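Each remark here refers to the structure printed beneath this line.
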Amino acid sequence: MFQSRITGMGFYVPDNVVTNHDLTKIMDTSDEWIQERSGIQERRWVKPGSDDTSSVMGAKAARKAIEDAGLTKDDIDFIVFATLSPDYYFPGGGVQIQHLLGMPNIGALDVRNQCTGFIYSLTVADQFIKTGMYKNILVIGAEFHSNGLDKTTRGRQVAVLFGDGAGAVVLSRSDKEGHGILTANLHSQGEYAEQLAVTAPAMKKWVTELMANPDDLSYYPYMDGPLVFKHAINRFGESMEEAMQAVNITPEQVNLFIPHQANLRISQMVQRKFRFRDNQVFNNIQKYGNTTAATIPIALVEAREQGRIKEGDYVILSAFGGGFTWGSVILRW
Ligand code: ACO
């Protein structure tokens, strides 16, 4: 069996910074409320009129990851693209990225697992590499949330949390025993599918039905925040324990924990549960908000830039989100 390891990383966020103070001009909210509940200070939102979408931003991040790996687009065998904010109902954005990057006719797979999208995608790519089917896989998470949020007081519970951006890694075949992806676990609980969802338009309720009922706002994201919060804390803990047991390491031995950036309070509660020291945890939600499938690859790049990941380190990635879905990956760098 082959090993897989991350050989290149890159991210892209739009230039347009939207601070909490900016949001107070368009809805009834406050910097204090947002920071106290979520830790977020600012996020990036695509400027109206810009060409950026989830596939365009995904392609920008992917170019950087390919260059960082010292490869060219022709070395990539396959694309796995995670997003909950695709450009089209169909086809998925993976094929658009393949085209934007001018790649040969390689396969492109779309993953629809929301905040856990990057963990699912990395795990799928890992399996393709471990079986020997592919050598270099582009794994991308990108979101263009800002065009689909209810940016009024009515939508404030959700709108203040989400940001736009993209992150990508190249996962490559490696013969370095004991390094790369050591374990992964993936979970779901569909009984809560509607507690964090955009339920229309879709085949169950098409655009014509929405147009006939202007009070129907189901095209905006709905989230039962407190319910999601409660489940997130438990599921992060369970999944990380499962991963650490699989690799036979203790929380003490973890060099860096990169949680999906949904809420700083969730990260801090998980940190306390495992008694991680501050230097064992990486957070950047303060600057970007929740970029869903993109949070973990963006954080990976910034953690490396800040010298927080070194050769031989145990890095644990974990996420929870819509579906509900959750999962963790442990890598040895
Ligand atoms: N500004 C000011 N007040 C607000 C805002 C806002 N932006 N949003 C809500 N409020 C008000 C509410 O109206 C409510 O007022 P009331 O008590 O008068 O009714 C009060 O603040 C408390 O609202 P709650 O929703 O109970 O606030 P809570 O403390 O639970 O925080 C939050 C909300 C931040 C959303 C939290 O529940 C959370 O982070 N949940 C988890 C999010 C998450 O992890 N999502 C998963 C990933 S997302 C994905 O997969 C797509």
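Convention: chains lettered A, B, ... in structure tokens order; per-chain residue numbering from 1; ligands numbered from 1 as shown.
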Residues of chain A that have any atom at most 7 Å from an atom of ligand 1: could you tabulate them with the shortest-distance atom pair and the distance in Å to one decimal, using only C-alpha atoms and all ligand atoms, ordered by chain and increasing number, as CSV?
residue,atom,partner,partner_atom_place_in_ligand_line,distance
A:Asp28,CA,ligand 1,1 (N),6.3
A:Thr29,CA,ligand 1,1 (N),3.6
A:Ser30,CA,ligand 1,1 (N),5.8
A:Trp33,CA,ligand 1,2 (C),5.5
A:Ile34,CA,ligand 1,7 (N),6.0
A:Arg37,CA,ligand 1,34 (C),5.0
A:Ser38,CA,ligand 1,34 (C),5.3
A:Gln114,CA,ligand 1,50 (O),4.9
A:Cys115,CA,ligand 1,50 (O),4.1
A:Arg156,CA,ligand 1,7 (N),4.2
A:Gln157,CA,ligand 1,8 (N),3.4
A:Val158,CA,ligand 1,35 (C),6.2
A:Val160,CA,ligand 1,7 (N),5.6
A:Leu196,CA,ligand 1,51 (C),6.5
A:Gly225,CA,ligand 1,37 (O),3.3
A:Pro226,CA,ligand 1,37 (O),4.0
A:Val228,CA,ligand 1,41 (C),4.8
A:Phe229,CA,ligand 1,41 (C),4.0
A:Ala232,CA,ligand 1,44 (O),6.2
A:Ala262,CA,ligand 1,44 (O),4.6
A:Asn263,CA,ligand 1,39 (O),5.2
A:Thr292,CA,ligand 1,51 (C),6.0
A:Phe320,CA,ligand 1,46 (C),6.2
A:Gly321,CA,ligand 1,50 (O),3.3
A:Gly322,CA,ligand 1,50 (O),3.9
Kindly save the residues from that selection, with N, CA and C atoms included, as a compact mmCIF listing (two decimals), in the first residue's frame.
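Generated output (out_22.txt):
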# COMPACT_ATOMS: atom_id res chain seq x y z
N ASP A 28 -29.10 44.99 12.41
CA ASP A 28 -29.04 45.29 13.84
C ASP A 28 -28.14 44.25 14.53
N THR A 29 -26.87 44.57 14.64
CA THR A 29 -25.92 43.67 15.30
C THR A 29 -24.83 44.54 15.93
N SER A 30 -23.87 43.91 16.58
CA SER A 30 -22.78 44.71 17.16
C SER A 30 -21.49 43.90 17.12
N TRP A 33 -21.39 41.62 20.16
CA TRP A 33 -22.17 40.37 20.08
C TRP A 33 -21.43 39.35 19.23
N ILE A 34 -20.95 39.79 18.06
CA ILE A 34 -20.32 38.83 17.14
C ILE A 34 -19.04 38.26 17.74
N ARG A 37 -19.83 35.87 20.81
CA ARG A 37 -20.43 34.57 20.47
C ARG A 37 -19.59 33.73 19.54
N SER A 38 -18.77 34.38 18.68
CA SER A 38 -18.10 33.58 17.63
C SER A 38 -16.60 33.84 17.53
N GLN A 114 -20.45 20.13 3.20
CA GLN A 114 -20.45 21.37 3.97
C GLN A 114 -19.16 21.57 4.76
N CYS A 115 -19.28 21.86 6.05
CA CYS A 115 -18.08 22.19 6.83
C CYS A 115 -17.12 21.01 6.95
N ARG A 156 -29.43 37.77 10.52
CA ARG A 156 -28.16 38.10 11.19
C ARG A 156 -27.51 36.92 11.91
N GLN A 157 -28.31 35.97 12.43
CA GLN A 157 -27.72 34.88 13.20
C GLN A 157 -26.75 34.07 12.33
N VAL A 158 -27.05 34.01 11.03
CA VAL A 158 -26.22 33.23 10.10
C VAL A 158 -25.25 34.14 9.34
N VAL A 160 -23.62 36.86 9.82
CA VAL A 160 -22.39 37.42 10.41
C VAL A 160 -21.28 36.38 10.50
N LEU A 196 -29.51 22.56 9.58
CA LEU A 196 -28.44 23.43 9.05
C LEU A 196 -28.46 23.20 7.56
N GLY A 225 -28.70 27.32 15.56
CA GLY A 225 -27.35 27.57 16.09
C GLY A 225 -27.05 26.83 17.39
N PRO A 226 -27.91 26.98 18.41
CA PRO A 226 -27.60 26.31 19.69
C PRO A 226 -27.53 24.78 19.55
N VAL A 228 -26.71 23.09 16.80
CA VAL A 228 -25.47 22.79 16.08
C VAL A 228 -24.28 22.89 17.04
N PHE A 229 -24.28 23.92 17.84
CA PHE A 229 -23.19 24.15 18.80
C PHE A 229 -23.02 22.94 19.73
N ALA A 232 -21.81 19.89 17.86
CA ALA A 232 -20.43 20.09 17.38
C ALA A 232 -19.42 19.73 18.47
N ALA A 262 -15.58 27.22 12.70
CA ALA A 262 -17.01 27.56 12.70
C ALA A 262 -17.30 28.60 13.75
N ASN A 263 -16.58 28.48 14.86
CA ASN A 263 -16.85 29.35 15.99
C ASN A 263 -15.69 29.21 16.98
N THR A 292 -16.33 27.58 5.61
CA THR A 292 -16.86 26.23 5.42
C THR A 292 -15.81 25.25 4.86
N PHE A 320 -16.95 19.64 11.91
CA PHE A 320 -18.36 19.27 12.12
C PHE A 320 -19.20 20.28 11.35
N GLY A 321 -20.29 19.81 10.73
CA GLY A 321 -21.14 20.78 10.04
C GLY A 321 -22.41 20.16 9.51
N GLY A 322 -23.01 20.88 8.55
CA GLY A 322 -24.32 20.53 8.00
C GLY A 322 -24.40 19.07 7.58
Fewer than 5 positions away in the same chain doesn't count, so skip those; otherwise give me all residues within 10 Å of Pro104 (chain A), counting only C-alpha atoms, as a list of chain:residue names.
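Final neighbour list, sorted by chain and number: A:Lys73, A:Asp74, A:Asp75, A:Ile76, A:Asp77, A:Phe78, A:Gln98, A:His99.
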Mind checking which residues fall within 12 Å of Glu305 (chain A), counting only C-alpha atoms, ignoring those fewer than 5 positions away in the same chain, and posting them as a list in words?
Met9, Gly10, Phe11, Ile298, Ala299, Leu300 and Lys310 of chain A
Export N, CA, C and O atoms of the chosen residues as a compact mmCIF listing (two decimals), in the first residue's frame?
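Full text of part.txt as output:
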# COMPACT_ATOMS: atom_id res chain seq x y z
N MET A 9 0.44 23.51 -0.92
CA MET A 9 -0.76 24.13 -0.34
C MET A 9 -0.87 25.57 -0.86
O MET A 9 0.14 26.21 -1.14
N GLY A 10 -2.10 26.06 -0.93
CA GLY A 10 -2.30 27.46 -1.32
C GLY A 10 -3.69 27.92 -0.93
O GLY A 10 -4.58 27.10 -0.74
N PHE A 11 -3.84 29.23 -0.76
CA PHE A 11 -5.20 29.72 -0.52
C PHE A 11 -5.41 31.07 -1.19
O PHE A 11 -4.46 31.75 -1.58
N ILE A 298 -7.11 26.73 4.35
CA ILE A 298 -6.58 28.09 4.58
C ILE A 298 -5.74 28.09 5.86
O ILE A 298 -4.63 28.63 5.91
N ALA A 299 -6.27 27.45 6.89
CA ALA A 299 -5.55 27.42 8.17
C ALA A 299 -4.23 26.65 8.04
O ALA A 299 -3.22 27.03 8.64
N LEU A 300 -4.24 25.58 7.26
CA LEU A 300 -2.99 24.82 7.07
C LEU A 300 -1.90 25.70 6.47
O LEU A 300 -0.76 25.68 6.93
N LYS A 310 6.02 21.53 11.63
CA LYS A 310 7.40 21.11 11.27
C LYS A 310 7.42 19.63 10.90
O LYS A 310 6.52 18.87 11.29
Which residue gives the smallest distance to Gln189 (chain A) among A:Thr250, A:Thr7, A:Thr325, A:Asn279, with only C-alpha atoms counted?
A:Thr325
One number please: CA of Gly163 (chain A) to CA of Gly58 (chain A), in Å, one decimal.
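So the answer is 14.2 Å.
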Can you pull out the residues contacting Arg44 (chain A)? Cut-off 8 Å, using only C-alpha atoms, and skip same-chain residues under 3 positions away; I want them as a PDB file with N, CA, C and O atoms, in the first residue's frame.
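Listing of out-v5.pdb after writing:
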ATOM      1  N   VAL A  13      -8.236  34.471  -0.794  1.00  0.00           N
ATOM      2  CA  VAL A  13      -9.437  35.126  -0.271  1.00  0.00           C
ATOM      3  C   VAL A  13      -9.624  36.442  -1.018  1.00  0.00           C
ATOM      4  O   VAL A  13      -8.634  37.067  -1.422  1.00  0.00           O
ATOM      5  N   PRO A  14     -10.858  36.875  -1.227  1.00  0.00           N
ATOM      6  CA  PRO A  14     -11.058  38.157  -1.908  1.00  0.00           C
ATOM      7  C   PRO A  14     -10.483  39.309  -1.082  1.00  0.00           C
ATOM      8  O   PRO A  14     -10.381  39.196   0.139  1.00  0.00           O
ATOM      9  N   ASP A  15     -10.138  40.418  -1.768  1.00  0.00           N
ATOM     10  CA  ASP A  15      -9.537  41.575  -1.070  1.00  0.00           C
ATOM     11  C   ASP A  15     -10.509  42.265  -0.137  1.00  0.00           C
ATOM     12  O   ASP A  15     -10.111  42.904   0.831  1.00  0.00           O
ATOM     13  N   ASN A  16     -11.789  42.173  -0.444  1.00  0.00           N
ATOM     14  CA  ASN A  16     -12.788  42.998   0.238  1.00  0.00           C
ATOM     15  C   ASN A  16     -13.025  42.556   1.690  1.00  0.00           C
ATOM     16  O   ASN A  16     -13.692  41.556   1.954  1.00  0.00           O
ATOM     17  N   VAL A  17     -12.475  43.349   2.639  1.00  0.00           N
ATOM     18  CA  VAL A  17     -12.615  43.034   4.063  1.00  0.00           C
ATOM     19  C   VAL A  17     -13.911  43.655   4.580  1.00  0.00           C
ATOM     20  O   VAL A  17     -14.151  44.850   4.377  1.00  0.00           O
ATOM     21  N   VAL A  18     -14.740  42.850   5.238  1.00  0.00           N
ATOM     22  CA  VAL A  18     -15.980  43.362   5.833  1.00  0.00           C
ATOM     23  C   VAL A  18     -15.868  43.166   7.344  1.00  0.00           C
ATOM     24  O   VAL A  18     -15.826  42.034   7.837  1.00  0.00           O
ATOM     25  N   GLY A 163     -17.891  33.648   5.614  1.00  0.00           N
ATOM     26  CA  GLY A 163     -16.999  34.412   4.749  1.00  0.00           C
ATOM     27  C   GLY A 163     -16.693  33.642   3.478  1.00  0.00           C
ATOM     28  O   GLY A 163     -16.959  32.437   3.381  1.00  0.00           O
ATOM     29  N   ASP A 164     -16.134  34.342   2.491  1.00  0.00           N
ATOM     30  CA  ASP A 164     -15.787  33.733   1.206  1.00  0.00           C
ATOM     31  C   ASP A 164     -14.284  33.406   1.174  1.00  0.00           C
ATOM     32  O   ASP A 164     -13.472  34.141   1.758  1.00  0.00           O
ATOM     33  N   GLY A 165     -13.931  32.377   0.422  1.00  0.00           N
ATOM     34  CA  GLY A 165     -12.508  32.062   0.271  1.00  0.00           C
ATOM     35  C   GLY A 165     -12.306  30.647  -0.220  1.00  0.00           C
ATOM     36  O   GLY A 165     -13.263  29.884  -0.387  1.00  0.00           O
ATOM     37  N   TYR A 288     -11.324  35.595   8.993  1.00  0.00           N
ATOM     38  CA  TYR A 288     -12.023  35.111   7.792  1.00  0.00           C
ATOM     39  C   TYR A 288     -13.453  34.645   8.024  1.00  0.00           C
ATOM     40  O   TYR A 288     -14.155  34.345   7.057  1.00  0.00           O
ATOM     41  N   GLY A 289     -13.897  34.539   9.282  1.00  0.00           N
ATOM     42  CA  GLY A 289     -15.201  33.942   9.543  1.00  0.00           C
ATOM     43  C   GLY A 289     -15.186  32.479   9.152  1.00  0.00           C
ATOM     44  O   GLY A 289     -14.118  31.859   9.012  1.00  0.00           O
TER      45      GLY A 289
END
Given the choices A:Ile106, A:Ala243, A:Ala202, A:Ile316, which gets closest to Phe276 (chain A) if the distance is worked out from only C-alpha atoms?
A:Ile316
Extract, using only C-alpha atoms, all DNA, RNA and protein residues at most 10 Å from Ala168 (chain A), discarding same-chain residues fewer than 2 positions from it, and format them as a PyMOL selection string.
chain A and resi 8-12+58-66+80-81+118+138-142+166+170-171+294+296-298+300-301
Based on DSSP run over this structure's backbone, return all residues of region 105-174 of chain A in helix (DSSP H, G or I), as JSON, numbers by chain.
{"A": [114, 115, 116, 117, 118, 119, 120, 121, 122, 123, 124, 125, 126, 127, 128, 129, 130, 146, 147, 148, 153, 154, 155, 156, 157, 158, 159]}
Minimum-distance residue to Lys47 (chain A), chosen among A:Lys176, A:His145, A:Ile233, A:Val247 (using only C-alpha atoms):
A:His145
